[in-house]
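J.: Input: one structure, supplied below.
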Amino acid sequence: MNRTMPSASLVFARSHRRRRIPGRRLLALAAILLAGQAQAALDYMVEIDAPSNLAQLLRDNLELVENQRDPDIDQSWLEALVKSTPDDAKKLLETEGYFGAKVEATLEGGNRVKVKVSPGEPVLIDDVVIRLDGAVRQESDYQQRFAQVLEAWTLPMGAPYRQADWDAGKRAVLRRVQADRFPKARIVKSEARIDPATRRATLDVAVDSGPLIRFGAIKVNGLKRYPEKLATGMADFNPGSPYHQDKVLAFQSALEQSPQFSSVIVSADFDHIVDNQVPVTVDVVELPKKKLELGLTYDSDVGPGVRVGYDHYNLFQQGWTGSALVDWKREQQSLSFGLGFPRESDGYSHSLTSAFKSENVQGVKTNTMDAGAWRLRSRGNIEARLGVEFLKESAEAGGVTSSDTHVTQLVYGWTQRAVDDLMRPRSGYLLDGQLSGSLGALASSTSMVRAYGRAVGYWSPFPKYGTFVARLELGQVWAKEGAQVPSALLFRAGGANSVRGYDYQSLGLPGPNGSVLGGRVVATGSVEYQIPVKPDWYLALFSDAGNAADSWKGFQTMRANGVGVRWMSPVAPLSFDIAKAEGDGKIRWNLSLGLAF
């Protein structure tokens with residue numbers, strides 16, 4: 001009997017446990033559900049009664065607001081947050097200059113928290129003391145540099161004190177000193193003395209310039225195909241010259257624009273300054289020395305074509321660039337050559353160009369040869385060019401009249417592209433201008449002066465609803481004998497990027513057998529509205545006007561209106577337009593790729 005009882009008890013215990021396991025699971029599940037209900041019931045609202053700018057500051061930074069999404073918060077935690085909110089809010093308000101603010105936070109029924117703020121008057125800047133010490137005081141332009149430092153300061157007397165402005169002002173002062181000769185400058189004193197009673201602040205900043213730093217040696221990494229002097233020759237500084245941050249940036253920009261490199265990083269190595277000279281490290285990724293370009297082209301103005309180009313980026317192992325290009329279309333054929341020299345330390349580069357071109361457009365056949373020598377400079381978004389060009393042309397109009405003309409001229413050109421995106425402009429402008437004049441009677445069939453300019457503006461007051469595009473073109477030739485001006489330097493209008501709705505270069509002076517001759521003046525303009533219809537696609541409504549004539553007195557404006565489609569392709573904007581010319585009532589279409597210029 002005694003032997004069997006333990007067995008019976010053991011069986012009973014196991015059976016009892018099996019029956020109670022589901023009950024425990026139910027209890028645990030119920031506890032979880034009750035906890036979830038408790039957490040859900042703890043949702044609370046925060047109302048902030050304060051001026052709008054301060055209310056937003058508190059919403060963005062108060063822990064009370066941030067914890068609204070915390071699933072672990074309980075009632076006691078919420079009460080603790082409410083209690084700490086006034087002190088937290090006052091600290092935040094002090095960063096905006098309100099050192100006497102009164103803040104109340106109350107927890108009302110339904111877990112509704114109300115924060116009431118009475119900011120009072122902000123602290124104003126009563127005095128600013130800025131000192132510039134160190135080796136910079138020995139420089140001859142110290143007074144000028146100190147004036148620049150004061151100009152960079154962003155928190156003047158009388159302005160409300162704000163922590164963000166205080167920090168920004170110190171950074172601006174330090175950057176101004178470090179950018180020119182003293183990159184090791186540092187702030188040695190920074191003190192803001194606040195008097196909440198008088199609501200006045202006194203700011204005191206002292207900058208130690210450190211030693212004058214000069215450029216050290218330039219080290220170029222990554223060169224395999226090109227000579228080192230190709231890269232180092234683009235720097236407009238030498239070892240031993242005073243350090244300027246702008247010169248480092250200009251060096252970087254020059255190398256980036258070079259056709260020999262796909263990637264460039266220029267940096268001053270301040271960790272290895274020796275004898276107050278900072279070495280400059282240049283890391284480059286090279287492009288191949290040669291490039292062959294083969295392609296089929298299409299232009300609605302002159303039809304299909306073939307393009308073959310060849311570039312060599314290291315002629316004679318000197319980093320010179322040589323190029324040859326053949327461009328063949330049914331009515332236009334050209335062969336051009338170029339020789340480019342690397343940018344020099346003064347920021348300029350030089351090139352030699354020559355081209356041979358034959359075309360038959362609007363009944364005028366021309367054969368042109370030109371050659372030029374150019375001095376070029378690119379800085380930021382501006383390109384400038386100055387050169388001497390010789391142009392010789394033979395022309396035949398309508399199969400009846402012919403002429404041989406030539407001109408040697410001094411040419412100055414200037415281009416600026418200031419748009420938000422070169423591939424997809426929505427704001428900004430493009431400007432291009434050229435002024436040229438013959439060198440007297442020297443190697444010219446007539447004395448002449450030519451001025452030509454183009455401008456395009458982009459404006460998107462409400463980007464979601466579209467972009468306005470305005471275009472203007474103006475040009476004039478002053479010549480002693482108009483008939484002796486090469487037709488390539490005269491003007492015709494019509495076609496894409498001109499007056500759409502008219503054939504390419506069909507607007508000008510009437511010539512024999514229906515040919516169209518160039519005029520001495522031109523003016524065209526366009527107003528366009530681009531409406532987004534889906535990503536990268538736009539519908540365009542436009543109105544064009546303009547003409548070319550022999551003088552402004554006889555100028556007659558020709559007009560056209562139309563619609564088009566714009567595709568912002570990965571390569572460049574593609575435009576397809578259909579326009580109706582008011583002159584003859586015909587409807588014509590145009591296809592173009594890229595910006596106006």
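Within each chain, counting starts at residue 1; across the structure tokens, chains are named A, B, ... in the order shown, with ligands numbered 1 upward in that order.
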May I have the residues within 8 Å of stretch 457-460 of chain A as a list in words, using only C-alpha atoms and disregarding those fewer than 2 positions away in the same chain?
T.: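 That gives Val419, Pro425, Arg426, Ser427, Gly428, Tyr429, Leu430, Ala455, Phe462, Pro463, Gly466, Thr467, Phe468, Val469, Ala470 and Arg471 of chain A.
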J.: If we count only C-alpha atoms and set the cut-off at 7 Å, which residues sit around stretch 581-597 of chain A, ignoring sequence neighbours fewer than 4 positions away in its own chain? Please answer as a list in words.
T.: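 Non-adjacent residues within range: Asp299, Ser300, Gly495, Ala496, Asn497, Gly501, Tyr502, Met558, Arg559, Ala560, Asn561, Ala572, Pro573, Leu574, Ser575, Phe576 and Asp577 of chain A.
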J.: May I have the residues from that selection written out with C-alpha atoms, as a PDB file, in the first residue's frame?
T.:
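Saved file again.pdb follows:
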```pdb
ATOM      1  CA  ASP A 299      18.018  67.673 -86.716  1.00  0.00           C
ATOM      2  CA  SER A 300      14.601  68.763 -87.929  1.00  0.00           C
ATOM      3  CA  GLY A 495      13.442  77.054 -87.112  1.00  0.00           C
ATOM      4  CA  ALA A 496      14.111  75.556 -83.704  1.00  0.00           C
ATOM      5  CA  ASN A 497      15.398  78.011 -81.066  1.00  0.00           C
ATOM      6  CA  GLY A 501       6.522  77.631 -87.483  1.00  0.00           C
ATOM      7  CA  TYR A 502       8.877  78.853 -90.228  1.00  0.00           C
ATOM      8  CA  MET A 558       6.697  87.531 -88.178  1.00  0.00           C
ATOM      9  CA  ARG A 559       4.712  85.524 -85.617  1.00  0.00           C
ATOM     10  CA  ALA A 560       3.864  81.911 -84.870  1.00  0.00           C
ATOM     11  CA  ASN A 561       2.027  80.038 -82.115  1.00  0.00           C
ATOM     12  CA  ALA A 572      19.400  66.522 -72.212  1.00  0.00           C
ATOM     13  CA  PRO A 573      15.949  68.094 -72.664  1.00  0.00           C
ATOM     14  CA  LEU A 574      14.267  66.822 -75.836  1.00  0.00           C
ATOM     15  CA  SER A 575      11.740  69.154 -77.460  1.00  0.00           C
ATOM     16  CA  PHE A 576       9.121  68.395 -80.110  1.00  0.00           C
ATOM     17  CA  ASP A 577       7.084  71.374 -81.324  1.00  0.00           C
TER      18      ASP A 577
END
```
J.: Please identify every residue of stretch 249-354 of chain A that has at least one atom no farther than 12 Å from an atom of stretch 162-183 of chain A, counting only C-alpha atoms, and for each give the shortest atom pair and the distance in Å to one decimal, arranged by chain then increasing number, as a Markdown table.
T.:
```
| residue | atom | partner | partner_atom | distance |
| --- | --- | --- | --- | --- |
| A:Leu249 | CA | A:Ala179 | CA | 10.9 |
| A:Ala268 | CA | A:Pro183 | CA | 9.9 |
| A:Asp269 | CA | A:Pro183 | CA | 11.1 |
| A:Phe270 | CA | A:Pro183 | CA | 8.5 |
| A:Asp271 | CA | A:Pro183 | CA | 11.8 |
| A:Ile273 | CA | A:Pro183 | CA | 11.1 |
| A:Asn276 | CA | A:Phe182 | CA | 10.1 |
| A:Gln277 | CA | A:Arg181 | CA | 10.5 |
| A:Val278 | CA | A:Pro183 | CA | 9.8 |
```
J.: Please produce a file of the residues just selected, as an mmCIF file, in the first residue's frame, where the atoms kept are C-alpha atoms.
T.:
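Dumped to result30.cif:
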```cif
data_model
loop_
_atom_site.group_PDB
_atom_site.id
_atom_site.type_symbol
_atom_site.label_atom_id
_atom_site.label_comp_id
_atom_site.auth_asym_id
_atom_site.auth_seq_id
_atom_site.Cartn_x
_atom_site.Cartn_y
_atom_site.Cartn_z
ATOM 1 C CA LEU A 249 39.274 75.729 -54.988
ATOM 2 C CA ALA A 268 45.708 71.064 -48.327
ATOM 3 C CA ASP A 269 47.315 68.596 -45.908
ATOM 4 C CA PHE A 270 47.216 70.535 -42.634
ATOM 5 C CA ASP A 271 48.283 67.442 -40.670
ATOM 6 C CA ILE A 273 52.701 71.267 -42.067
ATOM 7 C CA ASN A 276 54.705 76.694 -41.712
ATOM 8 C CA GLN A 277 54.293 75.310 -45.241
ATOM 9 C CA VAL A 278 51.264 73.170 -46.071
#
```
J.: If you run DSSP on the backbone here, which positions in stretch 362-541 of chain A get helix (DSSP H, G or I)? Please write them as a count of residues only.
T.: 12
J.: If we count only C-alpha atoms, what is near A:Ala548 at a cut-off of 9 Å, once residues fewer than 6 positions away on the same chain are taken out, given as a list in words?
T.: Phe491, Arg492, Ala493, Leu507, Gly508, Leu509, Gly518, Gly519, Arg520, Val521, Val522, Ala523, Thr524, Phe555, Gln556 and Thr557 of chain A
J.: Name all residues at most 9 Å from A:Ile218 (count only C-alpha atoms; drop same-chain ones fewer than 3 positions away) and give them as a list in words.
T.: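 Counting only C-alpha atoms, the residues come to Phe215, Thr232, Asn238, Pro239, Pro279, Val280, Thr281 and Val282 of chain A.
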J.: Excluding A:Ala483 and any residue of its chain fewer than 3 positions from it, enumerate the residues within 10 Å of it, using only C-alpha atoms, and give them as a VMD selection string.
T.: chain A and resid 403 to 405 445 to 446 479 to 480 486 to 487
J.: What separation in Å, quoted to one decimal, exists between atom CA of A:Glu389 and atom CA of A:Val477?
T.: 16.6 Å
J.: If you count only C-alpha atoms, which residues fall within 10 Å of A:Val516, apart from same-chain ones fewer than 5 positions away, as a PDB file with C-alpha atoms, in the first residue's frame?
T.:
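So the final result, stored in around-v3.pdb, reads:
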```
ATOM      1  CA  VAL A 361      20.306  76.480 -97.132  1.00  0.00           C
ATOM      2  CA  GLN A 362      17.335  78.400 -98.531  1.00  0.00           C
ATOM      3  CA  GLY A 363      18.871  78.584-101.999  1.00  0.00           C
ATOM      4  CA  VAL A 364      22.207  80.025-100.821  1.00  0.00           C
ATOM      5  CA  ALA A 397      22.472  82.777-104.309  1.00  0.00           C
ATOM      6  CA  GLY A 398      19.726  81.209-106.401  1.00  0.00           C
ATOM      7  CA  ARG A 492      18.589  84.779 -90.836  1.00  0.00           C
ATOM      8  CA  GLN A 505      16.658  80.245 -91.829  1.00  0.00           C
ATOM      9  CA  SER A 506      13.725  81.113 -94.115  1.00  0.00           C
ATOM     10  CA  LEU A 507      13.274  84.599 -92.629  1.00  0.00           C
ATOM     11  CA  GLY A 508      15.617  87.171 -94.134  1.00  0.00           C
ATOM     12  CA  LEU A 509      16.055  89.210 -97.312  1.00  0.00           C
ATOM     13  CA  PRO A 510      14.477  87.980-100.566  1.00  0.00           C
ATOM     14  CA  GLY A 511      17.089  86.805-103.069  1.00  0.00           C
TER      15      GLY A 511
END
```
J.: Atom CA of A:Asn367 and atom CA of A:Ala488 are how many Å apart?
T.: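 Rounded to one decimal, the two atoms are 9.9 Å apart.
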J.: Which neighbours of A:Arg193 fall inside 10 Å, counting only C-alpha atoms, when residues of the same chain fewer than 5 positions from it are skipped, and could you give them as a VMD selection string?
T.: chain A and resid 125 127 200 to 204
J.: With N, CA, C and O atoms retained, write the just-selected residues as an mmCIF file, in the first residue's frame.
T.:
```cif
data_model
loop_
_atom_site.group_PDB
_atom_site.id
_atom_site.type_symbol
_atom_site.label_atom_id
_atom_site.label_comp_id
_atom_site.auth_asym_id
_atom_site.auth_seq_id
_atom_site.Cartn_x
_atom_site.Cartn_y
_atom_site.Cartn_z
ATOM 1 N N ILE A 125 21.348 92.752 -28.155
ATOM 2 C CA ILE A 125 22.799 92.888 -28.131
ATOM 3 C C ILE A 125 23.143 94.333 -27.780
ATOM 4 O O ILE A 125 22.797 95.266 -28.506
ATOM 5 N N ASP A 127 26.495 95.271 -26.757
ATOM 6 C CA ASP A 127 27.871 95.584 -27.153
ATOM 7 C C ASP A 127 28.519 94.332 -27.720
ATOM 8 O O ASP A 127 28.224 93.211 -27.287
ATOM 9 N N ARG A 200 19.917 92.770 -21.665
ATOM 10 C CA ARG A 200 21.037 93.208 -22.490
ATOM 11 C C ARG A 200 22.100 92.111 -22.516
ATOM 12 O O ARG A 200 22.288 91.374 -21.540
ATOM 13 N N ALA A 201 22.795 92.008 -23.668
ATOM 14 C CA ALA A 201 23.844 91.001 -23.828
ATOM 15 C C ALA A 201 25.106 91.670 -24.341
ATOM 16 O O ALA A 201 25.060 92.542 -25.218
ATOM 17 N N THR A 202 26.239 91.260 -23.805
ATOM 18 C CA THR A 202 27.550 91.718 -24.273
ATOM 19 C C THR A 202 28.308 90.507 -24.799
ATOM 20 O O THR A 202 28.461 89.503 -24.093
ATOM 21 N N LEU A 203 28.759 90.608 -26.034
ATOM 22 C CA LEU A 203 29.446 89.486 -26.681
ATOM 23 C C LEU A 203 30.923 89.813 -26.826
ATOM 24 O O LEU A 203 31.302 90.928 -27.218
ATOM 25 N N ASP A 204 31.742 88.837 -26.546
ATOM 26 C CA ASP A 204 33.204 89.034 -26.580
ATOM 27 C C ASP A 204 33.831 87.840 -27.302
ATOM 28 O O ASP A 204 33.694 86.693 -26.855
#
```
J.: How close does stretch 128-216 of chain A get to stretch 94-103 of chain A? List, as a tab-separated table, each residue of stretch 128-216 of chain A within 9 Å, its nearest atom pair and the distance in Å to one decimal, counting only C-alpha atoms.
T.:
```
residue	atom	partner	partner_atom	distance
A:Pro160	CA	A:Gly97	CA	6.4
A:Tyr161	CA	A:Gly97	CA	4.8
A:Arg162	CA	A:Glu96	CA	4.5
A:Gln163	CA	A:Thr95	CA	4.8
A:Ala164	CA	A:Thr95	CA	7.4
A:Ile194	CA	A:Phe99	CA	8.5
A:Asp195	CA	A:Phe99	CA	8.6
A:Pro196	CA	A:Phe99	CA	5.7
A:Ala197	CA	A:Gly100	CA	8.1
A:Arg199	CA	A:Phe99	CA	7.8
```
